[in-house]
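Peer 1: One file: my_file-v5.cif (mmCIF, C-alpha atoms).
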```cif
data_work
loop_
_atom_site.label_atom_id
_atom_site.label_comp_id
_atom_site.auth_asym_id
_atom_site.auth_seq_id
_atom_site.Cartn_x
_atom_site.Cartn_y
_atom_site.Cartn_z
CA GLU A 5 -8.20 9.85 3.52
CA ASN A 6 -7.61 6.35 2.21
CA ALA A 7 -5.32 5.25 -0.60
CA TYR A 8 -5.56 1.92 -2.38
CA LEU A 9 -2.83 -0.07 -4.14
CA LYS A 10 -3.02 -3.28 -6.13
CA PHE A 11 -0.16 -5.59 -7.09
CA ASP A 12 -0.24 -8.72 -9.24
CA VAL A 13 1.70 -11.39 -7.33
CA SER A 14 0.20 -14.33 -9.21
CA ALA A 15 3.57 -15.45 -10.59
CA LEU A 16 4.91 -15.90 -7.04
CA ALA A 17 2.75 -18.86 -5.99
CA GLY A 18 4.68 -21.40 -3.95
CA LYS A 19 7.38 -18.93 -2.90
CA THR A 20 8.06 -17.81 0.67
CA ILE A 21 8.34 -14.13 1.56
CA VAL A 22 11.49 -13.42 3.57
CA SER A 23 10.92 -9.66 3.73
CA ALA A 24 8.47 -7.14 2.29
CA LYS A 25 8.78 -3.41 1.78
CA LEU A 26 6.53 -0.80 0.22
CA GLN A 27 8.28 2.14 -1.42
CA LEU A 28 6.23 5.35 -1.63
CA ARG A 29 6.86 8.96 -2.50
CA ALA A 30 4.89 11.69 -0.77
CA THR A 31 4.04 14.28 -3.39
CA THR A 32 2.17 17.53 -2.84
CA SER A 33 1.26 17.21 0.81
CA GLY A 34 2.70 15.61 3.89
CA SER A 35 1.01 14.66 7.13
CA VAL A 36 1.68 15.08 10.84
CA GLY A 37 -0.06 11.77 11.56
CA THR A 38 0.81 8.14 11.03
CA GLN A 39 0.01 6.43 7.73
CA ASN A 40 -1.02 2.80 8.33
CA VAL A 41 -0.73 0.16 5.60
CA ARG A 42 -3.44 -2.49 5.83
CA LEU A 43 -4.47 -5.53 3.83
CA VAL A 44 -7.60 -5.24 1.70
CA THR A 45 -9.20 -8.66 1.26
CA ASP A 46 -11.63 -7.58 -1.50
CA ASP A 47 -9.59 -7.53 -4.72
CA THR A 48 -12.58 -6.88 -7.01
CA TRP A 49 -12.21 -3.08 -6.95
CA THR A 50 -10.90 -1.25 -10.00
CA GLU A 51 -9.08 2.04 -10.28
CA SER A 52 -11.79 3.56 -12.48
CA GLY A 53 -14.63 2.26 -10.27
CA LEU A 54 -13.20 3.21 -6.88
CA THR A 55 -15.11 5.93 -5.05
CA TYR A 56 -15.68 6.77 -1.41
CA SER A 57 -18.99 4.88 -1.56
CA THR A 58 -17.57 1.80 -3.30
CA ARG A 59 -14.23 1.53 -1.49
CA PRO A 60 -13.49 -1.88 0.03
CA ALA A 61 -12.95 -2.20 3.77
CA LEU A 62 -9.44 -1.95 5.13
CA GLY A 63 -8.22 -4.83 7.28
CA SER A 64 -7.99 -4.33 11.02
CA SER A 65 -4.31 -5.27 11.32
CA VAL A 66 -1.57 -2.78 10.51
CA LEU A 67 1.06 -4.36 8.23
CA GLY A 68 3.42 -1.39 8.52
CA SER A 69 3.32 2.34 9.18
CA LEU A 70 5.16 5.58 8.60
CA GLY A 71 4.86 9.15 9.71
CA PRO A 72 5.00 11.99 10.05
CA VAL A 73 5.43 12.42 6.30
CA ALA A 74 6.99 15.37 4.47
CA SER A 75 6.05 16.35 0.92
CA ASN A 76 8.47 15.53 -1.91
CA THR A 77 10.09 12.78 0.15
CA SER A 78 10.53 9.05 -0.54
CA TYR A 79 9.76 6.43 2.10
CA GLU A 80 10.22 2.70 2.52
CA VAL A 81 7.79 0.92 4.82
CA THR A 82 8.64 -2.53 6.17
CA LEU A 83 5.56 -4.75 5.92
CA SER A 84 4.64 -7.93 7.78
CA ALA A 85 5.90 -10.73 5.52
CA SER A 86 3.77 -13.34 7.27
CA ALA A 87 0.59 -11.31 6.74
CA LEU A 88 1.30 -11.06 3.00
CA GLN A 89 2.31 -14.70 2.50
CA GLY A 90 -1.24 -15.91 1.83
CA GLU A 91 -1.66 -13.36 -0.97
CA LEU A 92 1.04 -14.88 -3.20
CA GLY A 93 -0.41 -16.52 -6.25
CA GLY A 94 -3.09 -13.86 -6.79
CA ILE A 95 -3.77 -10.17 -6.46
CA LEU A 96 -2.53 -8.20 -3.45
CA SER A 97 -4.60 -5.17 -2.47
CA LEU A 98 -3.32 -2.76 0.15
CA GLY A 99 -4.91 0.29 1.71
CA ILE A 100 -3.32 3.21 3.50
CA ASN A 101 -5.16 5.33 6.04
CA ALA A 102 -4.04 8.16 8.29
CA THR A 103 -4.43 8.70 12.02
CA SER A 104 -4.87 12.43 11.38
CA SER A 105 -7.18 14.51 9.21
CA ASP A 106 -4.29 15.60 6.97
CA GLY A 107 -3.52 12.32 5.18
CA ALA A 108 -0.47 12.41 2.92
CA ASP A 109 -0.62 12.43 -0.87
CA PHE A 110 1.47 9.67 -2.45
CA GLY A 111 2.58 9.32 -6.06
CA SER A 112 0.50 7.00 -8.24
CA ARG A 113 1.46 4.74 -11.12
CA GLU A 114 1.23 7.76 -13.45
CA THR A 115 4.11 9.54 -11.69
CA SER A 116 7.84 9.11 -12.20
CA THR A 117 8.01 7.51 -8.72
CA PRO A 118 5.11 5.05 -8.53
CA PRO A 119 4.54 2.87 -5.46
CA LYS A 120 6.68 -0.26 -5.54
CA LEU A 121 6.32 -3.51 -3.64
CA VAL A 122 9.75 -5.06 -2.96
CA LEU A 123 9.67 -8.69 -1.89
CA GLN A 124 12.63 -10.86 -0.94
CA LEU A 125 11.66 -14.45 -1.67
CA GLN A 126 13.03 -17.92 -1.13
#
```
Please go through the file and, once you have read it, give me the structure as structure tokens.

Peer 2:
Amino acid sequence: ENAYLKFDVSALAGKTIVSAKLQLRATTSGSVGTQNVRLVTDDTWTESGLTYSTRPALGSSVLGSLGPVASNTSYEVTLSASALQGELGGILSLGINATSSDGADFGSRETSTPPKLVLQLQ
């Protein structure tokens, strides 16, 4: 299972990321494996057009990870600030994949606890 997230960080051009965290809420299912957050360099995907066949490739480097994951639980994942720095001033796409066959389900933007990117800038 893969999950994709997109954040507009265009207004942050010229800033420096001091720290980066991704806040997620596992919803209906947890996972015994590790969930790895990776950079997605292709920002052309859309929510309505994303399918298994059209999904963009996940980057090879892990920006942060969490797991195991329990359902109905909130998590905060520390991300590599230096890996995200080059994305400021545009669109940031992230992907999450699992090391096990039981990938976790995370809340989407339609839920009361959508994913949130928290950046400390200077």

Peer 1: Pick from A:Gly107, A:Leu26, A:Gln124, A:Leu98: nearest to Leu83 (chain A), with all atoms listed in the file counted?

Peer 2: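 Closest to Leu83 (chain A) of all the choices is A:Leu26.
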
Peer 1: Running the PyMOL selection byres ((chain A and resi 96) around 12) on this model by hand, what would come out? Give it as number ranges by chain.

Peer 2: A: 8-16, 42-49, 87-95, 97-99, 121

Peer 1: The PyMOL selection byres ((chain A and resi 73) around 7) - which residues does that actually catch in the file I just gave you? List them as a count of residues only.

Peer 2: 8

Peer 1: Could you state which residues are captured by the PyMOL selection byres ((chain A and resi 20) around 7) in this file, as JSON, numbers by chain?

Peer 2: {"A": [18, 19, 21, 22, 89, 125, 126]}

Peer 1: Excluding region 113-119 of chain A and its own-chain neighbours fewer than 4 positions away, which residues fall within 8 Å of it when counting only C-alpha atoms? Please give them as a list in words.

Peer 2: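 The neighbour list is Leu26, Gln27, Leu28 and Arg29 of chain A.
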
Peer 1: Which one of A:Ser84, A:Asn6, A:Thr103, A:Ser52 sits closest to Lys25 (chain A) if you count all atoms listed in the file?

Peer 2: A:Ser84

Peer 1: To one decimal place in Å, what is the distance between CA of Thr38 (chain A) and CA of Thr58 (chain A)?

Peer 2: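 If I compute the distance from CA of Thr38 (chain A) to CA of Thr58 (chain A), I get 24.2 Å.
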
Peer 1: Any idea what the distance is between CA of Phe110 (chain A) and CA of Ala7 (chain A)?

Peer 2: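 Spanning CA of Phe110 (chain A) to CA of Ala7 (chain A) is a straight-line distance of 8.3 Å.
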
Peer 1: Can you list, as a PyMOL selection string, every protein, DNA or RNA residue that comes within 9 Å of Ser105 (chain A) when you count only C-alpha atoms, leaving out same-chain residues fewer than 3 positions away?

Peer 2: chain A and resi 5+35+37+102

Peer 1: Keeping only C-alpha atoms, write the selected residues as a JSON list (two decimals), in the coordinates of the input.

Peer 2:
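Result written to part-v2.json:
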```json
[["chain", "number", "residue", "atom", "x", "y", "z"],
["A", 5, "GLU", "CA", -8.20, 9.85, 3.52],
["A", 35, "SER", "CA", 1.01, 14.66, 7.13],
["A", 37, "GLY", "CA", -0.06, 11.77, 11.56],
["A", 102, "ALA", "CA", -4.04, 8.16, 8.29]]
```

Peer 1: In Å, rounded to a single decimal, give me how far CA of Ser86 (chain A) is from CA of Ser69 (chain A).

Peer 2: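 Pair CA of Ser69 (chain A) / CA of Ser86 (chain A) returns 15.8 Å.
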
Peer 1: Using only C-alpha atoms, which residue out of A:Asn101, A:Thr31, A:Asp106, A:Gly53 lies closest to Ser65 (chain A)?

Peer 2: A:Asn101

Peer 1: Measuring between all atoms listed in the file, which one of A:Ala24, A:Ser112, A:Val122, A:Thr32 shows the shortest distance to Glu51 (chain A)?

Peer 2: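 Checking each of A:Ala24, A:Ser112, A:Val122, A:Thr32 against Glu51 (chain A), counting all atoms listed in the file, the winner is A:Ser112.
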
Peer 1: Could you give me region 7-18 of chain A completed to all heavy atoms, formatted as an mmCIF file, keeping the file's coordinate frame?

Peer 2:
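This is the output file out.cif:
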```cif
data_model
loop_
_atom_site.group_PDB
_atom_site.id
_atom_site.type_symbol
_atom_site.label_atom_id
_atom_site.label_comp_id
_atom_site.auth_asym_id
_atom_site.auth_seq_id
_atom_site.Cartn_x
_atom_site.Cartn_y
_atom_site.Cartn_z
ATOM 1 N N ALA A 7 -5.934 5.515 0.704
ATOM 2 C CA ALA A 7 -5.320 5.250 -0.600
ATOM 3 C C ALA A 7 -5.340 3.746 -0.802
ATOM 4 O O ALA A 7 -5.230 2.978 0.153
ATOM 5 C CB ALA A 7 -3.888 5.771 -0.611
ATOM 6 N N TYR A 8 -5.503 3.337 -2.054
ATOM 7 C CA TYR A 8 -5.560 1.920 -2.380
ATOM 8 C C TYR A 8 -4.504 1.581 -3.415
ATOM 9 O O TYR A 8 -4.285 2.341 -4.360
ATOM 10 C CB TYR A 8 -6.948 1.546 -2.902
ATOM 11 C CG TYR A 8 -7.992 1.556 -1.817
ATOM 12 C CD1 TYR A 8 -8.618 2.734 -1.441
ATOM 13 C CD2 TYR A 8 -8.321 0.392 -1.140
ATOM 14 C CE1 TYR A 8 -9.552 2.754 -0.419
ATOM 15 C CE2 TYR A 8 -9.257 0.394 -0.125
ATOM 16 C CZ TYR A 8 -9.865 1.581 0.228
ATOM 17 O OH TYR A 8 -10.787 1.581 1.241
ATOM 18 N N LEU A 9 -3.866 0.418 -3.241
ATOM 19 C CA LEU A 9 -2.830 -0.070 -4.140
ATOM 20 C C LEU A 9 -3.136 -1.517 -4.491
ATOM 21 O O LEU A 9 -3.645 -2.272 -3.656
ATOM 22 C CB LEU A 9 -1.458 -0.010 -3.463
ATOM 23 C CG LEU A 9 -1.024 1.326 -2.892
ATOM 24 C CD1 LEU A 9 0.183 1.151 -1.990
ATOM 25 C CD2 LEU A 9 -0.693 2.285 -4.012
ATOM 26 N N LYS A 10 -2.796 -1.898 -5.709
ATOM 27 C CA LYS A 10 -3.020 -3.280 -6.130
ATOM 28 C C LYS A 10 -1.781 -3.773 -6.862
ATOM 29 O O LYS A 10 -1.243 -3.070 -7.718
ATOM 30 C CB LYS A 10 -4.245 -3.332 -7.059
ATOM 31 C CG LYS A 10 -4.747 -4.723 -7.339
ATOM 32 C CD LYS A 10 -5.960 -4.708 -8.257
ATOM 33 C CE LYS A 10 -7.224 -4.563 -7.456
ATOM 34 N NZ LYS A 10 -8.434 -4.859 -8.260
ATOM 35 N N PHE A 11 -1.338 -4.978 -6.481
ATOM 36 C CA PHE A 11 -0.160 -5.590 -7.090
ATOM 37 C C PHE A 11 -0.513 -6.999 -7.545
ATOM 38 O O PHE A 11 -1.166 -7.745 -6.826
ATOM 39 C CB PHE A 11 0.994 -5.666 -6.079
ATOM 40 C CG PHE A 11 1.458 -4.321 -5.588
ATOM 41 C CD1 PHE A 11 0.962 -3.806 -4.398
ATOM 42 C CD2 PHE A 11 2.365 -3.576 -6.317
ATOM 43 C CE1 PHE A 11 1.382 -2.569 -3.930
ATOM 44 C CE2 PHE A 11 2.792 -2.337 -5.859
ATOM 45 C CZ PHE A 11 2.299 -1.832 -4.664
ATOM 46 N N ASP A 12 -0.040 -7.371 -8.725
ATOM 47 C CA ASP A 12 -0.240 -8.720 -9.240
ATOM 48 C C ASP A 12 0.936 -9.587 -8.781
ATOM 49 O O ASP A 12 2.064 -9.419 -9.233
ATOM 50 C CB ASP A 12 -0.303 -8.691 -10.774
ATOM 51 C CG ASP A 12 -0.576 -10.062 -11.375
ATOM 52 O OD1 ASP A 12 -0.580 -11.074 -10.641
ATOM 53 O OD2 ASP A 12 -0.779 -10.119 -12.598
ATOM 54 N N VAL A 13 0.666 -10.489 -7.848
ATOM 55 C CA VAL A 13 1.700 -11.390 -7.330
ATOM 56 C C VAL A 13 1.378 -12.838 -7.702
ATOM 57 O O VAL A 13 1.806 -13.780 -7.034
ATOM 58 C CB VAL A 13 1.892 -11.213 -5.796
ATOM 59 C CG1 VAL A 13 2.506 -9.853 -5.486
ATOM 60 C CG2 VAL A 13 0.577 -11.378 -5.046
ATOM 61 N N SER A 14 0.636 -12.995 -8.795
ATOM 62 C CA SER A 14 0.200 -14.330 -9.210
ATOM 63 C C SER A 14 1.373 -15.227 -9.629
ATOM 64 O O SER A 14 1.313 -16.436 -9.441
ATOM 65 C CB SER A 14 -0.826 -14.236 -10.345
ATOM 66 O OG SER A 14 -0.295 -13.534 -11.452
ATOM 67 N N ALA A 15 2.430 -14.651 -10.147
ATOM 68 C CA ALA A 15 3.570 -15.450 -10.590
ATOM 69 C C ALA A 15 4.421 -15.954 -9.420
ATOM 70 O O ALA A 15 5.357 -16.722 -9.627
ATOM 71 C CB ALA A 15 4.440 -14.624 -11.536
ATOM 72 N N LEU A 16 4.085 -15.550 -8.199
ATOM 73 C CA LEU A 16 4.910 -15.900 -7.040
ATOM 74 C C LEU A 16 4.326 -17.036 -6.195
ATOM 75 O O LEU A 16 4.794 -17.285 -5.084
ATOM 76 C CB LEU A 16 5.107 -14.655 -6.168
ATOM 77 C CG LEU A 16 5.704 -13.447 -6.892
ATOM 78 C CD1 LEU A 16 5.804 -12.264 -5.961
ATOM 79 C CD2 LEU A 16 7.050 -13.789 -7.502
ATOM 80 N N ALA A 17 3.343 -17.741 -6.719
ATOM 81 C CA ALA A 17 2.750 -18.860 -5.990
ATOM 82 C C ALA A 17 3.811 -19.880 -5.627
ATOM 83 O O ALA A 17 4.701 -20.176 -6.424
ATOM 84 C CB ALA A 17 1.667 -19.526 -6.841
ATOM 85 N N GLY A 18 3.751 -20.384 -4.405
ATOM 86 C CA GLY A 18 4.680 -21.400 -3.950
ATOM 87 C C GLY A 18 5.971 -20.852 -3.365
ATOM 88 O O GLY A 18 6.772 -21.608 -2.830
#
```
